[in-house]
Amino acid sequence: RSGLTDRATLETFFQATHHSDSDWVNSLTGSGRTNWLDKDKEIETWQGIFIYDEKDSPHHGRVKNFQLPKNNILGPLTSLNRLDAIVKLSLWQNSLNGSLDGLQSMTLLKDLDLSRNHLSGTLEPVVTVTLH
């Protein structure tokens with residue numbers, strides 16, 4: 001997978017969570033341009049998105065962290081399941097709903113905060129063991 005796939009995933013998430021009563025991209029907390037959905041901007045310039053920038057990483061250019069707490073994001077998380085290289089997902093105190101089941105593909109996830117949303121289900125802890 002590539003950063004291009006991650007971009008498409010984030011665009012799908014936007015489409016699934018953007019409603020007339022939840023124009024969250026235009027009301028993001030913080031200052032300055034958010035760059036969300038700007039075709040001329042790389043996703044690492046989008047507010048709340050952090051990528052792997054280590055050139056030798058197998059995940060170079062992929063989404064590493066997605067952090068947009070307290071932004072009135074309304075809708076399901078299911079479209080984020082393709083962010084399988086993500087390490088941190090912090091979307092607390094939004095209006096996200098639905099099941100956590102789709103997040104099982106996030107096998108590198110180490111830091112998750114989805115508190116104060118309307119989600120259901122459970123996530124099994126993922127343990128990675130490397131033997132030399």
# chains A, B, ... in the order shown; residues from 1 in each chain; ligands from 1

call {"tool": "select_by_dssp", "arguments": {"residues": "chain A", "states": "helix (DSSP H, G or I)", "output": "ChimeraX atom specification"}}
result
/A:3-17,43-45,78-82,101-105

call {"tool": "write_last_selection", "arguments": {"atoms": "C-alpha atoms", "output": "compact mmCIF listing (two decimals), in the first residue's frame"}}
result
# COMPACT_ATOMS: atom_id res chain seq x y z
CA GLY A 3 0.44 7.10 0.72
CA LEU A 4 -1.86 7.45 -2.29
CA THR A 5 -4.10 4.74 -0.82
CA ASP A 6 -4.02 6.52 2.54
CA ARG A 7 -5.06 9.75 0.83
CA ALA A 8 -8.03 7.98 -0.78
CA THR A 9 -8.92 6.47 2.62
CA LEU A 10 -8.90 9.91 4.28
CA GLU A 11 -10.98 11.36 1.44
CA THR A 12 -13.50 8.52 1.90
CA PHE A 13 -13.57 9.21 5.65
CA PHE A 14 -14.29 12.85 4.91
CA GLN A 15 -17.16 11.94 2.56
CA ALA A 16 -18.64 9.57 5.17
CA THR A 17 -18.45 12.12 7.99
CA ILE A 43 -1.51 14.66 3.15
CA GLU A 44 1.27 15.40 5.63
CA THR A 45 0.19 19.06 5.42
CA THR A 78 -15.34 2.04 9.06
CA SER A 79 -13.62 3.84 6.19
CA LEU A 80 -10.44 4.20 8.25
CA ASN A 81 -9.78 0.45 8.26
CA ARG A 82 -7.34 0.78 5.34
CA ASP A 101 -14.74 -3.97 14.14
CA GLY A 102 -13.11 -2.37 11.10
CA LEU A 103 -10.16 -1.20 13.17
CA GLN A 104 -8.84 -4.78 13.55
CA SER A 105 -6.69 -4.25 10.45

call {"tool": "closest_residue", "arguments": {"among": "A:Asn65, A:Gln93, A:Ser99, A:Asn35", "to": "A:Gln47", "atoms": "only C-alpha atoms"}}
result
A:Asn35

call {"tool": "atom_distance", "arguments": {"atom1": "atom CA of A:Asn94", "atom2": "atom CA of A:Arg62"}}
result
23.9 Å

call {"tool": "select_by_dssp", "arguments": {"residues": "chain A", "states": "strand (DSSP E or B)", "output": "PDB file with N, CA, C and O atoms, in the first residue's frame"}}
result
ATOM      1  N   HIS A  19     -21.273  16.331   6.785  1.00  0.00           N
ATOM      2  CA  HIS A  19     -22.707  16.587   6.642  1.00  0.00           C
ATOM      3  C   HIS A  19     -22.939  18.074   6.825  1.00  0.00           C
ATOM      4  O   HIS A  19     -22.124  18.779   7.417  1.00  0.00           O
ATOM      5  N   SER A  22     -22.430  19.072  10.201  1.00  0.00           N
ATOM      6  CA  SER A  22     -21.108  18.735  10.739  1.00  0.00           C
ATOM      7  C   SER A  22     -20.043  19.061   9.697  1.00  0.00           C
ATOM      8  O   SER A  22     -19.394  18.199   9.153  1.00  0.00           O
ATOM      9  N   ILE A  49      -2.887  15.128  10.528  1.00  0.00           N
ATOM     10  CA  ILE A  49      -2.306  13.963   9.861  1.00  0.00           C
ATOM     11  C   ILE A  49      -0.783  14.037   9.967  1.00  0.00           C
ATOM     12  O   ILE A  49      -0.182  15.050   9.632  1.00  0.00           O
ATOM     13  N   PHE A  50      -0.180  12.947  10.414  1.00  0.00           N
ATOM     14  CA  PHE A  50       1.270  12.851  10.528  1.00  0.00           C
ATOM     15  C   PHE A  50       1.694  11.571   9.820  1.00  0.00           C
ATOM     16  O   PHE A  50       1.074  10.533  10.008  1.00  0.00           O
ATOM     17  N   ILE A  51       2.742  11.656   9.024  1.00  0.00           N
ATOM     18  CA  ILE A  51       3.166  10.496   8.245  1.00  0.00           C
ATOM     19  C   ILE A  51       4.531   9.989   8.704  1.00  0.00           C
ATOM     20  O   ILE A  51       5.261  10.671   9.408  1.00  0.00           O
ATOM     21  N   VAL A  63       0.252   7.159   6.568  1.00  0.00           N
ATOM     22  CA  VAL A  63      -0.249   7.821   7.770  1.00  0.00           C
ATOM     23  C   VAL A  63       0.231   7.057   9.002  1.00  0.00           C
ATOM     24  O   VAL A  63       0.006   5.853   9.129  1.00  0.00           O
ATOM     25  N   LYS A  64       0.914   7.791   9.888  1.00  0.00           N
ATOM     26  CA  LYS A  64       1.401   7.230  11.151  1.00  0.00           C
ATOM     27  C   LYS A  64       0.468   7.616  12.299  1.00  0.00           C
ATOM     28  O   LYS A  64       0.126   6.794  13.128  1.00  0.00           O
ATOM     29  N   ASN A  65       0.058   8.869  12.345  1.00  0.00           N
ATOM     30  CA  ASN A  65      -0.822   9.384  13.396  1.00  0.00           C
ATOM     31  C   ASN A  65      -1.965  10.178  12.764  1.00  0.00           C
ATOM     32  O   ASN A  65      -1.739  10.943  11.818  1.00  0.00           O
ATOM     33  N   PHE A  66      -3.159  10.001  13.319  1.00  0.00           N
ATOM     34  CA  PHE A  66      -4.339  10.769  12.909  1.00  0.00           C
ATOM     35  C   PHE A  66      -4.949  11.305  14.193  1.00  0.00           C
ATOM     36  O   PHE A  66      -5.453  10.553  15.015  1.00  0.00           O
ATOM     37  N   GLN A  67      -4.867  12.641  14.369  1.00  0.00           N
ATOM     38  CA  GLN A  67      -5.285  13.264  15.622  1.00  0.00           C
ATOM     39  C   GLN A  67      -6.178  14.471  15.349  1.00  0.00           C
ATOM     40  O   GLN A  67      -5.694  15.512  14.932  1.00  0.00           O
ATOM     41  N   LEU A  74     -18.892  13.699  12.658  1.00  0.00           N
ATOM     42  CA  LEU A  74     -20.106  12.911  12.826  1.00  0.00           C
ATOM     43  C   LEU A  74     -20.162  11.807  11.786  1.00  0.00           C
ATOM     44  O   LEU A  74     -20.134  12.097  10.588  1.00  0.00           O
ATOM     45  N   GLY A  75     -20.199  10.549  12.234  1.00  0.00           N
ATOM     46  CA  GLY A  75     -20.322   9.445  11.293  1.00  0.00           C
ATOM     47  C   GLY A  75     -19.503   8.247  11.706  1.00  0.00           C
ATOM     48  O   GLY A  75     -18.948   8.186  12.800  1.00  0.00           O
ATOM     49  N   PRO A  76     -19.395   7.265  10.804  1.00  0.00           N
ATOM     50  CA  PRO A  76     -18.730   5.998  11.121  1.00  0.00           C
ATOM     51  C   PRO A  76     -17.216   6.045  10.935  1.00  0.00           C
ATOM     52  O   PRO A  76     -16.687   6.859  10.193  1.00  0.00           O
ATOM     53  N   LYS A  88      -1.011   5.795  15.933  1.00  0.00           N
ATOM     54  CA  LYS A  88      -1.806   6.570  16.893  1.00  0.00           C
ATOM     55  C   LYS A  88      -3.067   7.084  16.216  1.00  0.00           C
ATOM     56  O   LYS A  88      -3.001   7.701  15.154  1.00  0.00           O
ATOM     57  N   LEU A  89      -4.215   6.835  16.860  1.00  0.00           N
ATOM     58  CA  LEU A  89      -5.503   7.338  16.388  1.00  0.00           C
ATOM     59  C   LEU A  89      -6.178   8.024  17.559  1.00  0.00           C
ATOM     60  O   LEU A  89      -6.515   7.394  18.556  1.00  0.00           O
ATOM     61  N   SER A  90      -6.319   9.337  17.458  1.00  0.00           N
ATOM     62  CA  SER A  90      -6.896  10.130  18.542  1.00  0.00           C
ATOM     63  C   SER A  90      -8.033  10.982  17.981  1.00  0.00           C
ATOM     64  O   SER A  90      -7.805  12.045  17.402  1.00  0.00           O
ATOM     65  N   SER A  95     -18.394  12.961  17.356  1.00  0.00           N
ATOM     66  CA  SER A  95     -19.711  12.305  17.320  1.00  0.00           C
ATOM     67  C   SER A  95     -19.641  11.084  16.419  1.00  0.00           C
ATOM     68  O   SER A  95     -20.528  10.839  15.610  1.00  0.00           O
ATOM     69  N   LEU A  96     -18.539  10.345  16.543  1.00  0.00           N
ATOM     70  CA  LEU A  96     -18.364   9.142  15.739  1.00  0.00           C
ATOM     71  C   LEU A  96     -19.289   8.043  16.256  1.00  0.00           C
ATOM     72  O   LEU A  96     -19.560   7.963  17.449  1.00  0.00           O
ATOM     73  N   ASN A  97     -19.766   7.211  15.329  1.00  0.00           N
ATOM     74  CA  ASN A  97     -20.690   6.160  15.724  1.00  0.00           C
ATOM     75  C   ASN A  97     -20.387   4.883  14.951  1.00  0.00           C
ATOM     76  O   ASN A  97     -19.550   4.880  14.059  1.00  0.00           O
ATOM     77  N   GLY A  98     -21.064   3.824  15.335  1.00  0.00           N
ATOM     78  CA  GLY A  98     -20.883   2.552  14.649  1.00  0.00           C
ATOM     79  C   GLY A  98     -19.969   1.617  15.408  1.00  0.00           C
ATOM     80  O   GLY A  98     -19.737   1.762  16.601  1.00  0.00           O
ATOM     81  N   SER A  99     -19.435   0.670  14.676  1.00  0.00           N
ATOM     82  CA  SER A  99     -18.660  -0.420  15.256  1.00  0.00           C
ATOM     83  C   SER A  99     -17.156  -0.175  15.162  1.00  0.00           C
ATOM     84  O   SER A  99     -16.674   0.463  14.236  1.00  0.00           O
ATOM     85  N   ASP A 111      -1.566   3.507  20.232  1.00  0.00           N
ATOM     86  CA  ASP A 111      -2.164   4.581  21.019  1.00  0.00           C
ATOM     87  C   ASP A 111      -3.524   4.910  20.410  1.00  0.00           C
ATOM     88  O   ASP A 111      -3.602   5.442  19.301  1.00  0.00           O
ATOM     89  N   LEU A 112      -4.590   4.573  21.126  1.00  0.00           N
ATOM     90  CA  LEU A 112      -5.946   4.752  20.623  1.00  0.00           C
ATOM     91  C   LEU A 112      -6.768   5.501  21.641  1.00  0.00           C
ATOM     92  O   LEU A 112      -6.855   5.090  22.799  1.00  0.00           O
ATOM     93  N   ASP A 113      -7.367   6.621  21.238  1.00  0.00           N
ATOM     94  CA  ASP A 113      -8.300   7.340  22.110  1.00  0.00           C
ATOM     95  C   ASP A 113      -9.515   7.720  21.284  1.00  0.00           C
ATOM     96  O   ASP A 113      -9.472   8.632  20.454  1.00  0.00           O
ATOM     97  N   HIS A 118     -19.742   7.636  20.200  1.00  0.00           N
ATOM     98  CA  HIS A 118     -20.890   6.731  20.296  1.00  0.00           C
ATOM     99  C   HIS A 118     -20.565   5.448  19.544  1.00  0.00           C
ATOM    100  O   HIS A 118     -21.236   5.085  18.588  1.00  0.00           O
ATOM    101  N   LEU A 119     -19.520   4.761  19.978  1.00  0.00           N
ATOM    102  CA  LEU A 119     -19.019   3.576  19.291  1.00  0.00           C
ATOM    103  C   LEU A 119     -19.375   2.308  20.066  1.00  0.00           C
ATOM    104  O   LEU A 119     -19.574   2.353  21.280  1.00  0.00           O
ATOM    105  N   SER A 120     -19.428   1.202  19.355  1.00  0.00           N
ATOM    106  CA  SER A 120     -19.728  -0.067  19.995  1.00  0.00           C
ATOM    107  C   SER A 120     -18.733  -1.124  19.533  1.00  0.00           C
ATOM    108  O   SER A 120     -18.046  -0.951  18.532  1.00  0.00           O
TER     109      SER A 120
END

call {"tool": "closest_residue", "arguments": {"among": "A:Tyr52, A:Leu123, A:Leu108, A:Pro69", "to": "A:Val87", "atoms": "only C-alpha atoms"}}
result
A:Leu108

call {"tool": "atom_distance", "arguments": {"atom1": "atom CA of A:Asn71", "atom2": "atom CA of A:Thr107"}}
result
25.7 Å

call {"tool": "atom_distance", "arguments": {"atom1": "atom CA of A:Ala85", "atom2": "atom CA of A:Thr122"}}
result
19.8 Å

call {"tool": "closest_residue", "arguments": {"among": "A:Pro125, A:Glu42, A:Ile73, A:Asn117", "to": "A:Gly61", "atoms": "only C-alpha atoms"}}
result
A:Glu42

call {"tool": "closest_residue", "arguments": {"among": "A:Ser115, A:Lys41, A:Met106, A:Leu77", "to": "A:Trp92", "atoms": "only C-alpha atoms"}}
result
A:Ser115
